[in-house]
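J.: Got a structure here, written out as structure tokens. Questions coming.
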Amino acid sequence: MTDPRKTRPPPQPRQGVQPKSYLRRTLLWGAVVLAAGLVTLGILTDDDDSDAVPVTLGPPRWVPPFLRYTLGGQERFMVLVRRTETETLPAGESRAPARGDRLEVRGYDAATLGPLFVSPVASIATNAAPSAGLLGEHAATIWIFADTIGAVSAVDGQVLIERQGLVALAPELAVLLAQPRLNINMTADGLMLQTTAAPLRFHPRTLRAAQLPATPEPLPTPRTPAAFDLRAPFAFRVTEARIGETWFGLPPANTPPVAGTRRPTIPGARFLAGGGVPAPGAQRLWRASLSPAPAIPPAAEAGFQSSGGARPTAAAAALTNTALRLDTPTPVAFEAAGQGQAGFLTQGPHPDSNVIRPLGAPGLLILHRAGESGLALTRINAQGARAWTATLPLVRIISALPGEGPLLLAGLDAAGTESLVTIALDTGAVVSRGLE
């Protein structure tokens with residue numbers, strides 16, 4: 001196998017960033033000894049690979065979360081990948097080869113799943129950096145964490161900076177970045193590092209960590225990775241969703257929704273039992289209208305007392321006691337619900353996650369079983385009628401990534417292979433690609 005470190009062009013320094021050697025490393029942390037001090041991998045730079053160690057790479061494995069972002073009008077998908085890395089010994093060498101793991105970033109076209117780049121990030125000890133993952137994209141910089149902070153280019157995955165470079169730009173980070181636990185998160189201002197003094201923002205263009213300026217800069221909005229779940233078999237679906245004032249539900253087939261049911265007008269209020277989790281047995285699709293319910297009148301006890309000393313007005317009581325009522329529930333023909341485990345597709349694995357709403361005409365996406373173990377996705381319109389059904393080459397969803405174009409799903413197929421799938425939301429056309 002050709003080592004990709006020997007074939008890609010050298011990275012170009014970002015405007016405003018000094019092209020020192022620490023910014024031109026292929027790897028995030030510099031040298032890492034793989035086994036018993038025998039061979040050191042990770043010392044390569046793009047300027048001189050004369051010390052390259054030939055290695056054999058194992059099959060790739062995902063390191064979620066996944067990231068969808070837009071660059072130059074093109075929607076892209078990026079994932080961090082871990083592979084075993086084994087030293088290739090010369091003929092006649094009798095010692096055991098050095099072993100470790102390689103972290104790579106891989107970029108794909110989010111619409112076609114065509115590969116855009118594969119870029120090595122770090123060579124590390126076997127199973128090291130268990131909390132590695134993508135942190136988010138900001139102004140074409142992808143921030144990454146693997147026991148320390150680094151950055152790669154959203155264009156081609158080339159490493160822009162690692163811990164040594166961050167410290168050179170901001171020496172006060174030397175102690176902070178050496179800590180075993182870092183309080184970092186991507187906010188509307190960018191990647192923030194919490195410190196005892198004041199939070200620091202990593203600038204996506206200069207890569208320097210500093211306090212936020214008094215005057216906000218005109219920077220693009222950061223993109224955060226999608227939620228994921230590697231274990232739950234029936235995640236990314238919920239039994240209730242709304243289109244405007246119309247309610248849709250997927251209760252058990254023998255437990256229809258009750259007309260007149262009232263719920264508070266608060267996020268997450270449900271009209272069905274079960275906490276939003278689909279039933280294992282047969283279900284049925286229902287449609288109903290939602291209308292404001294009469295306000296619950298305020299208590300009128302003669303001995304009413306309040307710590308504020310004032311009795312609430314009728315208007316205030318009505319405002320705090322408003323509710324929605326489920327009116328005229330009507331069953332909708334949807335045969336796939338009879339197989340069970342059907343739900344409206346959500347952006348996250350938990351029932352309180354936001355429902356994914358396709359662009360264009362109002363509608364919802366129902367994730368449901370197809371056969372014994374397969375999955376399918378059906379789009380319904382605002383009346384509950386089926387627009388299309390797409391059979392998915394997946395048996396489990398790991399992550400769902402909506403965007404301006406096709407829906408992107410990451411999951412496992414029947415053979416346990418990690419696969420990517422895109423679904424055109426206007427037609428239901430499916431494109432899939434295994435992780436190779």
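Quick note on naming: the chains in the structure tokens go A, B, ... in the order shown, residues restart at 1 in each chain, and ligands are numbered from 1 in order of appearance.
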Quick one: which region 327-429 of chain A residues come within 7 Å of region 224-231 of chain A, and what is the nearest atom pair for each with the distance in Å to one decimal, counting only C-alpha atoms, rows ordered by chain and ascending number, as a Markdown table?

T.:
```
| residue | atom | partner | partner_atom | distance |
| --- | --- | --- | --- | --- |
| A:Gly348 | CA | A:Ala227 | CA | 5.2 |
| A:Pro349 | CA | A:Asp229 | CA | 6.1 |
| A:Ile398 | CA | A:Asp229 | CA | 5.2 |
| A:Ser399 | CA | A:Phe228 | CA | 4.6 |
| A:Leu401 | CA | A:Ala226 | CA | 6.3 |
```

J.: Enumerate the residues of region 89-226 of chain A with a DSSP assignment of strand (DSSP E), computed from the backbone, and present them as a ChimeraX atom specification.

T.: /A:99-109,115-124,133-138,141-145,149-153,159-161,184-187,190-193,200-202,209-210

J.: If you count only C-alpha atoms, which residues fall within 8 Å of Leu407 (chain A), apart from same-chain ones fewer than 5 positions away, as a PyMOL selection string?

T.: chain A and resi 400-402+422-425

J.: Can you tell me which residues surround region 377-391 of chain A at a distance of at most 6 Å, considering only C-alpha atoms, apart from same-chain residues fewer than 3 positions away, and format the answer as a ChimeraX atom specification?

T.: /A:362-367,428

J.: Kindly export the residues of the current selection with C-alpha atoms, as a CSV table (one decimal), in the first residue's frame.

T.:
```csv
chain,number,residue,atom,x,y,z
A,362,PRO,CA,-43.7,20.7,4.4
A,363,GLY,CA,-43.2,17.1,5.3
A,364,LEU,CA,-41.7,14.6,7.7
A,365,LEU,CA,-39.3,11.6,7.4
A,366,ILE,CA,-40.3,8.3,9.0
A,367,LEU,CA,-37.5,5.8,9.8
A,428,GLY,CA,-35.8,9.3,-2.4
```

J.: Show me, as a VMD selection string, the residues that have an atom within 12 Å of region 233-237 of chain A when counting only C-alpha atoms, minus same-chain residues fewer than 5 positions from it.

T.: chain A and resid 226 to 228 249 to 250 275 to 280 340 to 356 364 to 369 373 to 375 377 394 to 401 409 to 412

J.: Write to file, as a PDB file, in the first residue's frame, the residues of the selection just made, with C-alpha atoms.

T.:
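For reference, out-v7.pdb as written:
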```pdb
ATOM      1  CA  ALA A 226     -23.477  15.875  14.508  1.00  0.00           C
ATOM      2  CA  ALA A 227     -24.687  13.794  17.430  1.00  0.00           C
ATOM      3  CA  PHE A 228     -23.991  10.064  17.257  1.00  0.00           C
ATOM      4  CA  GLY A 249     -48.101  10.201  16.004  1.00  0.00           C
ATOM      5  CA  LEU A 250     -47.049   6.544  15.838  1.00  0.00           C
ATOM      6  CA  GLY A 275     -41.483   8.967  26.277  1.00  0.00           C
ATOM      7  CA  GLY A 276     -41.246   9.139  22.500  1.00  0.00           C
ATOM      8  CA  VAL A 277     -39.598   5.711  22.155  1.00  0.00           C
ATOM      9  CA  PRO A 278     -41.128   3.545  19.384  1.00  0.00           C
ATOM     10  CA  ALA A 279     -42.990   0.416  20.432  1.00  0.00           C
ATOM     11  CA  PRO A 280     -41.454  -2.962  19.539  1.00  0.00           C
ATOM     12  CA  GLY A 340     -42.888  -1.723  14.661  1.00  0.00           C
ATOM     13  CA  GLN A 341     -39.912   0.421  15.664  1.00  0.00           C
ATOM     14  CA  ALA A 342     -41.068   3.254  13.414  1.00  0.00           C
ATOM     15  CA  GLY A 343     -40.476   6.878  14.287  1.00  0.00           C
ATOM     16  CA  PHE A 344     -39.919  10.330  12.851  1.00  0.00           C
ATOM     17  CA  LEU A 345     -36.243  10.808  12.014  1.00  0.00           C
ATOM     18  CA  THR A 346     -34.358  13.048  14.449  1.00  0.00           C
ATOM     19  CA  GLN A 347     -30.987  14.802  14.415  1.00  0.00           C
ATOM     20  CA  GLY A 348     -29.874  13.094  17.614  1.00  0.00           C
ATOM     21  CA  PRO A 349     -30.190   9.638  19.162  1.00  0.00           C
ATOM     22  CA  HIS A 350     -32.492  10.678  22.018  1.00  0.00           C
ATOM     23  CA  PRO A 351     -36.287  11.160  21.801  1.00  0.00           C
ATOM     24  CA  ASP A 352     -35.970  14.818  22.803  1.00  0.00           C
ATOM     25  CA  SER A 353     -33.788  15.564  19.744  1.00  0.00           C
ATOM     26  CA  ASN A 354     -35.066  17.865  17.001  1.00  0.00           C
ATOM     27  CA  VAL A 355     -37.047  16.234  14.210  1.00  0.00           C
ATOM     28  CA  ILE A 356     -35.423  16.496  10.771  1.00  0.00           C
ATOM     29  CA  LEU A 364     -41.669  14.559   7.708  1.00  0.00           C
ATOM     30  CA  LEU A 365     -39.338  11.564   7.417  1.00  0.00           C
ATOM     31  CA  ILE A 366     -40.300   8.255   9.016  1.00  0.00           C
ATOM     32  CA  LEU A 367     -37.543   5.752   9.773  1.00  0.00           C
ATOM     33  CA  HIS A 368     -38.952   2.216   9.921  1.00  0.00           C
ATOM     34  CA  ARG A 369     -38.146  -1.417   9.494  1.00  0.00           C
ATOM     35  CA  SER A 373     -33.595  -6.358  10.059  1.00  0.00           C
ATOM     36  CA  GLY A 374     -33.293  -3.722   7.355  1.00  0.00           C
ATOM     37  CA  LEU A 375     -34.299  -0.074   7.475  1.00  0.00           C
ATOM     38  CA  LEU A 377     -37.074   5.881   5.096  1.00  0.00           C
ATOM     39  CA  LEU A 394     -28.235  -0.075   6.721  1.00  0.00           C
ATOM     40  CA  VAL A 395     -29.452  -1.985   9.757  1.00  0.00           C
ATOM     41  CA  ARG A 396     -28.426   0.648  12.302  1.00  0.00           C
ATOM     42  CA  ILE A 397     -28.101   4.429  12.229  1.00  0.00           C
ATOM     43  CA  ILE A 398     -25.055   5.937  13.959  1.00  0.00           C
ATOM     44  CA  SER A 399     -25.518   9.568  12.931  1.00  0.00           C
ATOM     45  CA  ALA A 400     -27.892  11.717  10.855  1.00  0.00           C
ATOM     46  CA  LEU A 401     -26.608  14.853   9.133  1.00  0.00           C
ATOM     47  CA  LEU A 409     -26.686   9.034   7.208  1.00  0.00           C
ATOM     48  CA  ALA A 410     -23.814   7.101   8.757  1.00  0.00           C
ATOM     49  CA  GLY A 411     -24.447   3.578   9.954  1.00  0.00           C
ATOM     50  CA  LEU A 412     -23.763  -0.138   9.746  1.00  0.00           C
TER      51      LEU A 412
END
```
